[in-house]
Each structure stands twice: as C-alpha cells, then as structure tokens.
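Trainee: Before I ask anything, here is the structure I am working with.
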Amino acid sequence: MSKTFFTQLSLALFVVWFSACEPQVDPSASAQVELQSNFPDVLNLHASPDSAFDRSPSAFSDMGSWFAYALPAKNDLTAIGSFTGPYLFTQDNGVWISRFLSQLEITVGEQTTPVDLSKAEIIENTYYPGLLRQQFRFSDPNLEVTTSLFFISSRTACIKVDLQADQDLVLQIGWRGDTYMEGVRFDEKTDGVSIHFAENEHQGHLTLPNAEGVAVQIADAAYQLRMAPISLKAQQKHSVGLYHSFCFSADEWQVEKDALPQHINELETAVDANRDRWNNWIQTTLDDIEPSLKTPSYEAIAVKSLETLTSNWRSAAGFLKHQGLFPSYHYKWFHGFWSWDSWKHAVSLARWNPALAQDQIRAMFDFQNEEGMVADCVYRDTIIENHNWRDTKPPLAAWAIWRTYEQSEDQGFLAEIYPAAKRYHEWWYAYRDYDQNGLCEYGSTDGTLIAARWESGMDNAVRFDDTRLLKSKTQAGAWSMNRESADLNAYLFADKYYLSKIAAALGKSEDADTFSSGADALKTRIQETFFSEKTDWFHDIDLETKQPILHYGAEGWIPLWAGAATDEQAERVRLNMIDTTKFATYIPFPTLAASEAGFEPVESYWRGPVWMDKAYFAIPALKQYGYEEDAQRFTMNLLDRLEGLKDSDGPIRENYNPLTGEGYESAHFSWSAAHILLLLTED
C-alpha cells in the first residue's frame with residue numbers, strides 16, 4: 001500500500017482501559033433512559049465490512065468525531081463481544097481499520113483458554129440514539145455481559161463492559177484486535193501498545209492506566225491485552241471501560257489524554273452525560289413536532305433525522321476551523337463542508353443544537369476571500385482534494401443566520417457574522433451581474449461551464465443545457481452564464497430581506513433601510529422579469545435576448561418561497577404545482593416537471609428526481625400564500641412515501657424517484673435529514 005494512502009489516514013488511535021465496581025444507578029434517571037430506549041434500530045447499522053474499503057455498511061458517530069462504528073450482523077456469532085470498526089474518515093475514501101479492532105475476551109478461573117463467546121445467547125444487539133449495545137449470557141458459567149459503545153468527546157469513544165453472575169467468579173478480561181490495513185504496526189511500550197501508520201505523522205496508543213498486571217502481546221500486526229484477574233461477586237455488577245481515541249497530532253493527544261475519565265465514577269458521569277445529551281435532543285425535537293404529526297411513526301422519522309445529522313457531524317480539524325456537517329459520510333466525495341449544504345443544515349440544527357448551527361455557519365465564512373466570495377466546498381486536508389474556489393453556491397447565508405438567531409437569541413453571534421454576510425451579498429452584484437442591471441447570473445471563477453452549473457447547485461438541470469459563459473468586462477476572474485436565473489434572484493431578494501432584519505436587530509438602521517428598499521425594488525423586478533403570462537411559471541431569462549427559458553423546473557417556486565411573487569402569480573404557479581402531470585407526482589415536487597420531454601425520474605440527478613431541499617421550499621412557498629391544505633397534503637406525501645423513511649430502518653437518501661419513491665445516490669444525506677426535520681417541526 002502506498003505512502004500516499006497513509007498520509008491520508010489522518011487519525012491516530014489510542015486505547016485505554018480500567019476496571020472498578022459500578023455504583024448504583026440513580027433511579028431518577030430511569031425516565032430519561034426510557035426515552036433514549038424508545039427508538040431502537042431506527043437505522044439499520046448491522047453489518048461487517050469485508051475489507052478496508054467496503055463502503056456498504058452504515059455507521060454511527062457522534063460529537064463531531066472523525067471515526068465511526070457499526071454493529072455486527074445480527075446472527076454473526078463470530079463477532080459477539082465486539083463492535084464493527086472503527087471506520088476512519090480519511091480525506092479520500094475513508095477506511096475500516098479493522099473488522100473489529102477490539103474484541104472482548106473473558107477467561108474464567110484458572111483456565112488458560114478464553115470462553116467461546118460464539119456459544120453465548122444473544123439478548124440484544126441494538127443501535128439506540130447515541131449508543132450501540134450488545135447483551136449476551138452464558139449458562140456455564142452463569143454470566144451476563146453487556147457491552148455499550150458511546151462517545152465522550154470528538155476524539156474518544158468508550159466501550160463499557162458490565163459483568164454480572166449468579167455466583168462468585170474469578171475472571172480475566174481482555175481484548176484482542178488486528179487490522180485490515182497494510183503498514184499498520186503495533187509496538188509494545190511501558191504502559192501498553194503504540195500504533196504506527198507507516199510514515200503518517202499521527203500516532204496511536206493502547207494504554208492501560210490505573211490497572212496492574214496488564215499483559216501485552218504483539219504479533220503479526222495484531223495485539224492482545226489482558227489485565228490481572230478480578231473477583232466478581234455474586235449478584236454484583238462489575239464494569240470495565242475501554243477507550244478508543246483518535247487524534248490528529250501528539251499535542252492534541254496530550255490534551256485528550258488528560259481529559260479522559262480515570263475512575264469508574266468519572267466514567268459513570270460520562271455515561272449520564274451521553275444519556276442526558278441525547279434525551280435533551282430527542283425531547284426538544286419531539287416537543288417541536290407539529291401536533292398532527294405526533295405519532296410513533298413520525299417521531300421515529302425525527303429521531304432518524306437526528307441520527308443522520310450527528311453521524312455526519314465533524315469537529316474542527318486541519319483546515320476546518322469550526323465544526324460542521326459532511327453532506328454524507330457514506331459517499332467518498334462528500335468528506336468536506338459545502339456552503340449551501342451548510343446554510344440548510346444550520347436552519348435545522350438551530351432547533352436542537354444552536355451552538356453547532358452557529359459553527360456550521362462560521363465554518364464556511366472561514367473561507368471567505370477578500371472580495372467577499374465564499375468557497376463552494378472545503379476540506380480538512382487538501383492533499384487529494386483542493387478547496388473549491390471555482391464557484392460558490394446560492395446565497396442562503398442570511399436566511400440561515402437569521403433562523404439560527406431566532407432559536408439562539410445570541411446577538412453576539414449576529415454581530416460577529418453580519419459583516420461577512422453583508423460582504424457576501426455585495427459580492428454577487430460585483431461579480432455575477434454581467435450587464436450591471438441589478439439581476440444576477442450563476443457563473444464561475446475559472447471560465448468553465450461545469451463550475452458555473454455547480455454554482456447553481458443544480459448541476460445538470462435542463463435549463464442549463466444550452467448555456468454559454470460570458471467574461472466580465474470589469475472584474476478579473478469572473479464569468480457568468482448567459483442566464484439571469486429566477487431562483488438566484490429570488491434567493492438574493494430573501495438575502496436582502498434577512499439582512500435587513502439582522503441589521504435592524506443590531507441597531508444598524510441605515511443598513512436595514514438600504515436592504516429593505518433594495519428588497520422591495522428587486523421584488524418588483526422579479527415579478528416583471530421572470531414570470532411568464534404564457535406558462536404561469538417563473539423562468540430563467542436569456543441574458544442577451546431577454547427571452548424566457550421555457551422549462552418547468554423547481555426554480556419556478558423559489559420566488560414564492562421567498563415571498564417575491566404577487567398573489568395572482570402565486571395562484572397561477574400553484575395550479576402548476578398541484579397538477580399531477582407536472583409536479584404533484586407520487587412523490588411531489590420533482591426538479592423537472594413530469595410533463596417535460598427531458599424528464600428522467602431514475603438517477604438523473606437534477607433532471608427529475610425529488611430533492612428534499614426543493615421539496616421543502618415548495619411547502620412554505622404554498623403556506624406563504626395561504627395554501628395550507630395543499631402544503632399539508634404534500635407534506636404527508638413526502639413523509640409517508642419516501643423509501644426507507646416511515647416505519648423502516650432504511651437510510652435517508654440524497655434524492656428520490658418521483659414516481660416510485662425509490663431512494664438514489666448517497667445514503668445518510670444531511671440536507672435531506674435537515675429538511676425532513678423542518679417539515680416535521682415547522683408550523
């Protein structure tokens with residue numbers, strides 16, 4: 001395996017263990033425990049990878065960690081006492097370091113051979129929100145074992161083992177593990193084992209503080225750890241904790257090591273903290289669900305969305321100075337942060353994790369250049385992928401900022417981020433208004449049409465089939481497509497509206513008035529320029545001929561979402577939206593009307609499949625103009641019919657077939673989950 005691969009493996013491993021008797025559980029916590037336990041296996045994480053690069057298993061991570069785990073297949077007796085993985089989020093593809101890096105071993109009395117765990121009776125093998133759990137028992141000896149995996153920080157996961165028997169037993173507990181990966185080396189050291197990844201600068205450790213008599217064996221890229229025998233008293237629980245910590249540098253490890261729980265009471269505090277954190281998120285979300293949707297099925301969808309978002313959550317690392325979300329950990333090209341994904345994530349995150357929502361916004365404004373442009377996508381490491389400065393994405397930042405502020409009421413955040421949001425808005429008019437007429441176009445910085453299409457976010461949309469680029473006459477490094485886009489200018493209208501609200505909240509009355517009057521003027525321009533009396537739809541306009549591009553696409557209802565249409569225009573657009581031959585398909589709101597010649601419902605990206613952001617925007621677009629019954633009906637169509645969503649343990653997908661509901665492209669897609677949560681929780 002190449003050195004380049006290991007340079008990409010930007011994670012280090014540390015494992016620490018200790019053992020002590022478990023204290024009594026606080027009875028007052030039982031109600032919260034029940035809440036977390038109400039949602040078992042909402043997502044199916046039962047799988048074992050067959051190689052380092054097997055991308056088929058789904059996985060669980062939390063707290064912004066850069067590594068994840070799964071559960072063994074339900075009937076895989078060879079995997080009892082282990083958790084699948086971990087999976088390391090490397091820059092290029094991600095990799096499973098092992099099928100199971102740490103498999104439990106239990107030796108009874110003076111026996112020299114560990115108990116055969118495959119002989120155990122499996123009681124449960126379950127994914128709960130924030131927690132993986134296995135429970136199994138033996139008849140000889142009469143021993144019950146529970147193993148739980150949860151995260152205690154962005155760098156550390158804990159495997160907690162609880163042991164209980166009907167009789168006194170002397171047990172020796174340990175773990176063994178190996179790796180799928182070439183070049184990984186385990187070395188013994190004074191306090192355990194160090195792990196090396198070829199010439200990668202990051203380091204790993206297996207360390208055993210506060211434990212005496214630990215035996216370490218290293219052989220053939222594998223390790224075995226055993227601690228001194230323990231005396232398990234009948235009917236008394238005994239707990240062992242195993243920590244997996246992944247760090248990006250030796251300095252980072254020193255900080256993490258000092259923060260690790262050193263005693264069983266500290267571990268129990270971490271257990272309680274994980275439970276309370278997840279119960280708070282769940283309770284906050286369930287309380288927020290619309291009354292008509294407060295059923296077990298829709299509550300489970302909400303929890304599935306929470307789980308999807310947290311498993312895509314990444315902490316600050318490398319070039320990423322703030323935490324945020326991947327679009328999907330499950331797809332190799334999505335190991336970074338994208339700008340319009342980030343704006344959408346933030347609006348949903350703000351309802352249950354405002355601090356993360358704020359950082360998701362900061363994470364993208366960290367990549368704002370002097371002119372005001374925000375990069376399209378950015379990465380922790382750029383050895384494989386460079387940050388994409390070839391284009392930006394549609395301007396939804398002020399919307400995200402205001403909606404986050406509404407939840408957090410943090411005026412300090414508003415004051416901090418406002419100057420950057422204002423500069424970003426102004427950038428569009430300086431660099432994406434080719435003829436300086438106050439209406440903007442999507443474009444690129446490198447003169448390529450593909451990057452200009454990316455900037456729209458609707459990469460291969462039919463409306464861009466015949467576009468060409470025009471080079472700015474005034475700005476270096478600025479090209480525009482020869483399309484003044486209906487959705488872009490509606491987004492810019494919304495941007496002005498929300499910037500006006502932000503400025504007013506900050507006491508900047510002059511800015512507030514400027515943005516408010518600008519929004520009013522642009523609203524009129526949108527109504528007069530982009531609406532077609534012939535088609536009853538908002539269309540892009542050819543920049544040179546000023547003729548509409550006559551396709552029925554999802555861009556047509558964005559002016560309604562923004563509130564930029566007249567009441568009469570909204571009514572006429574609505575009739576197209578509720579037309580079963582156009583947009584009221586089995587799954588409503590395809591990105592291209594079903595009546596269009598170019599409509600392709602099967603895996604065609606933006607030429608027909610339903611994307612949850614555009615479907616979501618359609619719902620408040622209808623509500624904005626009083627069409628509540630339509631909005632409710634289409635909301636139910638989405639929640640009830642999307643594959644894998646209702647009463648299913650399937651993943652949330654990137655986009656969907658509008659005729660069948662089949663999910664396509666990436667699994668565990670963040671903005672789909674974010675918008676599903678908004679559909680459930682917004683009135």
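Each chain in the structure tokens gets a letter, A, B, ..., in the order shown, and its residues are numbered from 1; ligands are numbered from 1 in order too.
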Please report as JSON lines every residue of stretch 285-379 of chain A lying within 12 Å of stretch 628-642 of chain A, along with the nearest atom pair and their distance in Å (one decimal), using only C-alpha atoms.
Mentor:
```
{"residue": "A:Glu290", "atom": "CA", "partner": "A:Gln632", "partner_atom": "CA", "distance": 11.0}
{"residue": "A:Ser292", "atom": "CA", "partner": "A:Gln632", "partner_atom": "CA", "distance": 10.0}
{"residue": "A:Leu293", "atom": "CA", "partner": "A:Met636", "partner_atom": "CA", "distance": 9.2}
{"residue": "A:Ser297", "atom": "CA", "partner": "A:Asp640", "partner_atom": "CA", "distance": 9.4}
{"residue": "A:Tyr298", "atom": "CA", "partner": "A:Leu639", "partner_atom": "CA", "distance": 7.9}
{"residue": "A:Glu299", "atom": "CA", "partner": "A:Leu639", "partner_atom": "CA", "distance": 11.2}
{"residue": "A:Ala300", "atom": "CA", "partner": "A:Leu639", "partner_atom": "CA", "distance": 11.3}
{"residue": "A:Ile301", "atom": "CA", "partner": "A:Leu639", "partner_atom": "CA", "distance": 8.3}
{"residue": "A:Ala302", "atom": "CA", "partner": "A:Leu639", "partner_atom": "CA", "distance": 10.4}
{"residue": "A:Ser305", "atom": "CA", "partner": "A:Leu639", "partner_atom": "CA", "distance": 12.0}
```
Trainee: Would you list the contacts of stretch 583-588 of chain A as a count of residues only, taking every protein, DNA or RNA residue within 10 Å and counting only C-alpha atoms, but skipping same-chain residues closer than 2 positions in sequence?
Mentor: 40
Trainee: Can you pull out the residues contacting A:Thr404? Cut-off 12 Å, using only C-alpha atoms, and skip same-chain residues under 3 positions away; I want them as a PyMOL selection string.
Mentor: chain A and resi 343-362+397-401+407-411+413-414+417+498+502
Trainee: What's the separation between atom CA of A:Asp41 and atom CA of A:Ala316, in Å to one decimal place?
Mentor: 28.9 Å
Trainee: Which of stretch 54-242 of chain A end up as strand (DSSP E) when DSSP is run on this backbone - answer as a ChimeraX atom specification?
Mentor: /A:67-70,84-88,95-96,103-108,121-128,131-139,142-151,156-165,169-178,184-189,192-197,203-207,215-218,222-226,230-232,238-242
Trainee: I need the residues of stretch 52-287 of chain A that end up classed as helix (DSSP H, G or I) by DSSP on the backbone, written out as JSON, numbers by chain.
Mentor: {"A": [77, 78, 79, 117, 118, 119, 250, 251, 252, 253, 254, 255, 256, 257, 258, 259, 264, 265, 266, 267, 268, 269, 270, 271, 272, 273, 274, 275, 276, 277, 278, 279, 280, 281, 282, 283, 284, 285, 286, 287]}
Trainee: Save out the residues we just selected, N, CA and C atoms, as a short mmCIF file (atom, residue, chain, number, x, y, z; two decimals), in the first residue's frame.
Mentor:
```
data_model
loop_
_atom_site.label_atom_id
_atom_site.label_comp_id
_atom_site.auth_asym_id
_atom_site.auth_seq_id
_atom_site.Cartn_x
_atom_site.Cartn_y
_atom_site.Cartn_z
N LEU A 77 -22.19 -14.89 14.96
CA LEU A 77 -21.71 -15.35 16.26
C LEU A 77 -20.22 -15.14 16.44
N THR A 78 -19.49 -14.99 15.34
CA THR A 78 -18.04 -14.78 15.44
C THR A 78 -17.72 -13.37 15.96
N ALA A 79 -18.71 -12.48 15.96
CA ALA A 79 -18.46 -11.09 16.32
C ALA A 79 -19.02 -10.73 17.69
N LEU A 117 -17.09 -17.12 23.01
CA LEU A 117 -18.21 -16.19 23.00
C LEU A 117 -19.29 -16.59 22.00
N SER A 118 -18.93 -17.36 20.98
CA SER A 118 -19.93 -17.77 20.00
C SER A 118 -20.95 -18.73 20.59
N LYS A 119 -20.69 -19.25 21.78
CA LYS A 119 -21.64 -20.14 22.46
C LYS A 119 -22.67 -19.37 23.27
N ALA A 250 0.36 14.70 18.16
CA ALA A 250 0.82 14.36 19.50
C ALA A 250 0.35 15.40 20.51
N ASP A 251 0.37 16.68 20.14
CA ASP A 251 -0.10 17.72 21.05
C ASP A 251 -1.58 17.54 21.35
N GLU A 252 -2.35 17.22 20.34
CA GLU A 252 -3.78 17.00 20.54
C GLU A 252 -4.01 15.82 21.47
N TRP A 253 -3.20 14.77 21.30
CA TRP A 253 -3.34 13.61 22.17
C TRP A 253 -3.05 13.95 23.63
N GLN A 254 -2.07 14.79 23.86
CA GLN A 254 -1.75 15.15 25.24
C GLN A 254 -2.94 15.82 25.92
N VAL A 255 -3.62 16.66 25.20
CA VAL A 255 -4.81 17.32 25.75
C VAL A 255 -5.91 16.31 25.99
N GLU A 256 -6.14 15.44 25.01
CA GLU A 256 -7.21 14.45 25.14
C GLU A 256 -6.93 13.47 26.27
N LYS A 257 -5.69 13.03 26.38
CA LYS A 257 -5.31 12.07 27.42
C LYS A 257 -5.61 12.62 28.81
N ASP A 258 -5.30 13.89 29.02
CA ASP A 258 -5.52 14.49 30.34
C ASP A 258 -7.00 14.62 30.68
N ALA A 259 -7.86 14.61 29.65
CA ALA A 259 -9.31 14.79 29.89
C ALA A 259 -10.05 13.47 30.03
N ILE A 264 -14.00 4.97 37.82
CA ILE A 264 -15.31 4.50 37.41
C ILE A 264 -16.39 5.54 37.65
N ASN A 265 -16.26 6.34 38.70
CA ASN A 265 -17.28 7.37 38.92
C ASN A 265 -17.24 8.42 37.83
N GLU A 266 -16.05 8.70 37.29
CA GLU A 266 -15.94 9.64 36.17
C GLU A 266 -16.55 9.03 34.91
N LEU A 267 -16.37 7.73 34.74
CA LEU A 267 -16.98 7.05 33.60
C LEU A 267 -18.50 7.11 33.71
N GLU A 268 -19.03 6.88 34.90
CA GLU A 268 -20.47 6.96 35.08
C GLU A 268 -21.00 8.36 34.79
N THR A 269 -20.22 9.36 35.12
CA THR A 269 -20.60 10.73 34.77
C THR A 269 -20.68 10.89 33.26
N ALA A 270 -19.73 10.28 32.54
CA ALA A 270 -19.75 10.33 31.08
C ALA A 270 -20.96 9.58 30.52
N VAL A 271 -21.30 8.45 31.12
CA VAL A 271 -22.49 7.70 30.72
C VAL A 271 -23.73 8.57 30.87
N ASP A 272 -23.85 9.22 32.02
CA ASP A 272 -25.01 10.08 32.29
C ASP A 272 -25.05 11.26 31.32
N ALA A 273 -23.87 11.82 31.03
CA ALA A 273 -23.82 12.98 30.14
C ALA A 273 -24.29 12.60 28.73
N ASN A 274 -23.88 11.43 28.24
CA ASN A 274 -24.32 10.96 26.93
C ASN A 274 -25.82 10.76 26.91
N ARG A 275 -26.34 10.10 27.95
CA ARG A 275 -27.78 9.86 28.03
C ARG A 275 -28.55 11.18 28.08
N ASP A 276 -28.10 12.11 28.93
CA ASP A 276 -28.83 13.36 29.09
C ASP A 276 -28.77 14.21 27.82
N ARG A 277 -27.61 14.19 27.16
CA ARG A 277 -27.47 14.98 25.93
C ARG A 277 -28.45 14.48 24.87
N TRP A 278 -28.48 13.18 24.66
CA TRP A 278 -29.37 12.64 23.64
C TRP A 278 -30.84 12.76 24.04
N ASN A 279 -31.14 12.55 25.29
CA ASN A 279 -32.53 12.72 25.71
C ASN A 279 -32.99 14.16 25.55
N ASN A 280 -32.09 15.09 25.78
CA ASN A 280 -32.44 16.50 25.59
C ASN A 280 -32.71 16.79 24.12
N TRP A 281 -31.83 16.29 23.23
CA TRP A 281 -32.04 16.49 21.80
C TRP A 281 -33.36 15.86 21.34
N ILE A 282 -33.59 14.63 21.80
CA ILE A 282 -34.82 13.93 21.40
C ILE A 282 -36.05 14.66 21.93
N GLN A 283 -36.02 15.01 23.23
CA GLN A 283 -37.18 15.66 23.82
C GLN A 283 -37.45 17.01 23.17
N THR A 284 -36.39 17.78 22.93
CA THR A 284 -36.55 19.07 22.27
C THR A 284 -37.21 18.90 20.91
N THR A 285 -36.78 17.89 20.17
CA THR A 285 -37.32 17.65 18.83
C THR A 285 -38.75 17.15 18.89
N LEU A 286 -39.02 16.20 19.78
CA LEU A 286 -40.39 15.67 19.88
C LEU A 286 -41.36 16.75 20.32
N ASP A 287 -40.93 17.60 21.23
CA ASP A 287 -41.80 18.71 21.67
C ASP A 287 -42.09 19.67 20.52
#
```
Trainee: In terms of the shortest atom-to-atom distance over only C-alpha atoms, which of A:Leu131, A:Ile195, A:Ala68, A:Leu143 is closest to A:Thr84?
Mentor: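 Nearest to A:Thr84: A:Ala68.
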Trainee: Pick out the residues sitting within 12 Å of A:Ile159, and hand them over as a VMD selection string; count only C-alpha atoms, and ignore anything fewer than 4 positions along from it in its own chain.
Mentor: chain A and resid 15 to 19 69 81 to 83 86 101 to 104 131 to 134 146 to 152 175 239 to 245 267 270 to 271
Trainee: Please provide the set of residues having any atom within 6 Å of A:Phe67, restricted to only C-alpha atoms, with same-chain residues fewer than 2 positions apart removed, written as a ChimeraX atom specification.
Mentor: /A:65,87-89
Trainee: Take the residues from that selection and write them out as a short mmCIF file (atom, residue, chain, number, x, y, z; two decimals), in the first residue's frame, keeping N, CA and C atoms.
Mentor:
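Contents of the output file selection26.cif:
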```cif
data_model
loop_
_atom_site.label_atom_id
_atom_site.label_comp_id
_atom_site.auth_asym_id
_atom_site.auth_seq_id
_atom_site.Cartn_x
_atom_site.Cartn_y
_atom_site.Cartn_z
N SER A 65 -16.97 13.43 15.92
CA SER A 65 -15.83 12.52 15.79
C SER A 65 -15.49 12.26 14.33
N TYR A 87 -14.44 2.91 11.61
CA TYR A 87 -14.27 3.46 10.28
C TYR A 87 -13.65 4.84 10.44
N LEU A 88 -12.55 5.09 9.76
CA LEU A 88 -11.82 6.35 9.88
C LEU A 88 -12.13 7.24 8.68
N PHE A 89 -12.52 8.48 8.95
CA PHE A 89 -12.89 9.40 7.87
C PHE A 89 -11.64 10.05 7.31
#
```
Trainee: Quick one: residues within 12 Å of A:Gln217, only C-alpha atoms, excluding same-chain residues fewer than 3 positions away - as a PyMOL selection string?
Mentor: chain A and resi 174-178+186-189+192-194+206+214+220-227
Trainee: Store the residues of this selection in a file with C-alpha atoms, as a tab-separated table (two decimals), in the first residue's frame.
Mentor:
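That gives us out08.tsv:
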```
chain	number	residue	atom	x	y	z
A	174	GLY	CA	-9.01	-8.52	27.86
A	175	TRP	CA	-9.32	-7.58	24.23
A	176	ARG	CA	-7.62	-8.64	21.07
A	177	GLY	CA	-7.52	-6.99	17.68
A	178	ASP	CA	-5.83	-6.76	14.31
A	186	PHE	CA	1.52	-2.38	16.88
A	187	ASP	CA	4.50	-1.92	19.22
A	188	GLU	CA	4.72	-2.71	22.92
A	189	LYS	CA	5.66	0.11	25.26
A	192	GLY	CA	0.64	-0.66	26.68
A	193	VAL	CA	0.92	-0.56	22.90
A	194	SER	CA	1.71	2.14	20.38
A	206	LEU	CA	-3.05	1.38	23.50
A	214	VAL	CA	-1.54	-5.98	32.37
A	220	ASP	CA	1.80	-10.10	13.05
A	221	ALA	CA	0.09	-6.71	13.13
A	222	ALA	CA	-2.17	-7.84	15.94
A	223	TYR	CA	-2.33	-7.24	19.66
A	224	GLN	CA	-3.73	-8.82	22.80
A	225	LEU	CA	-4.29	-7.09	26.13
A	226	ARG	CA	-5.12	-8.88	29.36
A	227	MET	CA	-5.46	-7.43	32.81
```
Trainee: Just to confirm, what's the straight-line distance from atom CA of A:Asp168 to atom CA of A:Val108 in Å (one decimal)?
Mentor: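 Atom CA of A:Val108 lies 10.9 Å from atom CA of A:Asp168.
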Trainee: Would you list the contacts of A:Tyr424 as number ranges by chain, taking every protein, DNA or RNA residue within 12 Å and counting only C-alpha atoms, but skipping same-chain residues closer than 3 positions in sequence?
Mentor: A: 339, 364-365, 367-375, 392-398, 417-421, 427-432, 492, 495-496, 499
Trainee: Compare A:Cys158, A:Val95, A:Glu603, A:Ala234 by their minimum atom-to-atom distance to A:Asn142, counting only C-alpha atoms, and give me the closest one.
Mentor: A:Ala234
Trainee: Work out how far atom CA of A:Pro620 is from atom CA of A:Ile676, in Å to one decimal.
Mentor: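 Pair atom CA of A:Ile676 / atom CA of A:Pro620 returns 13.0 Å.
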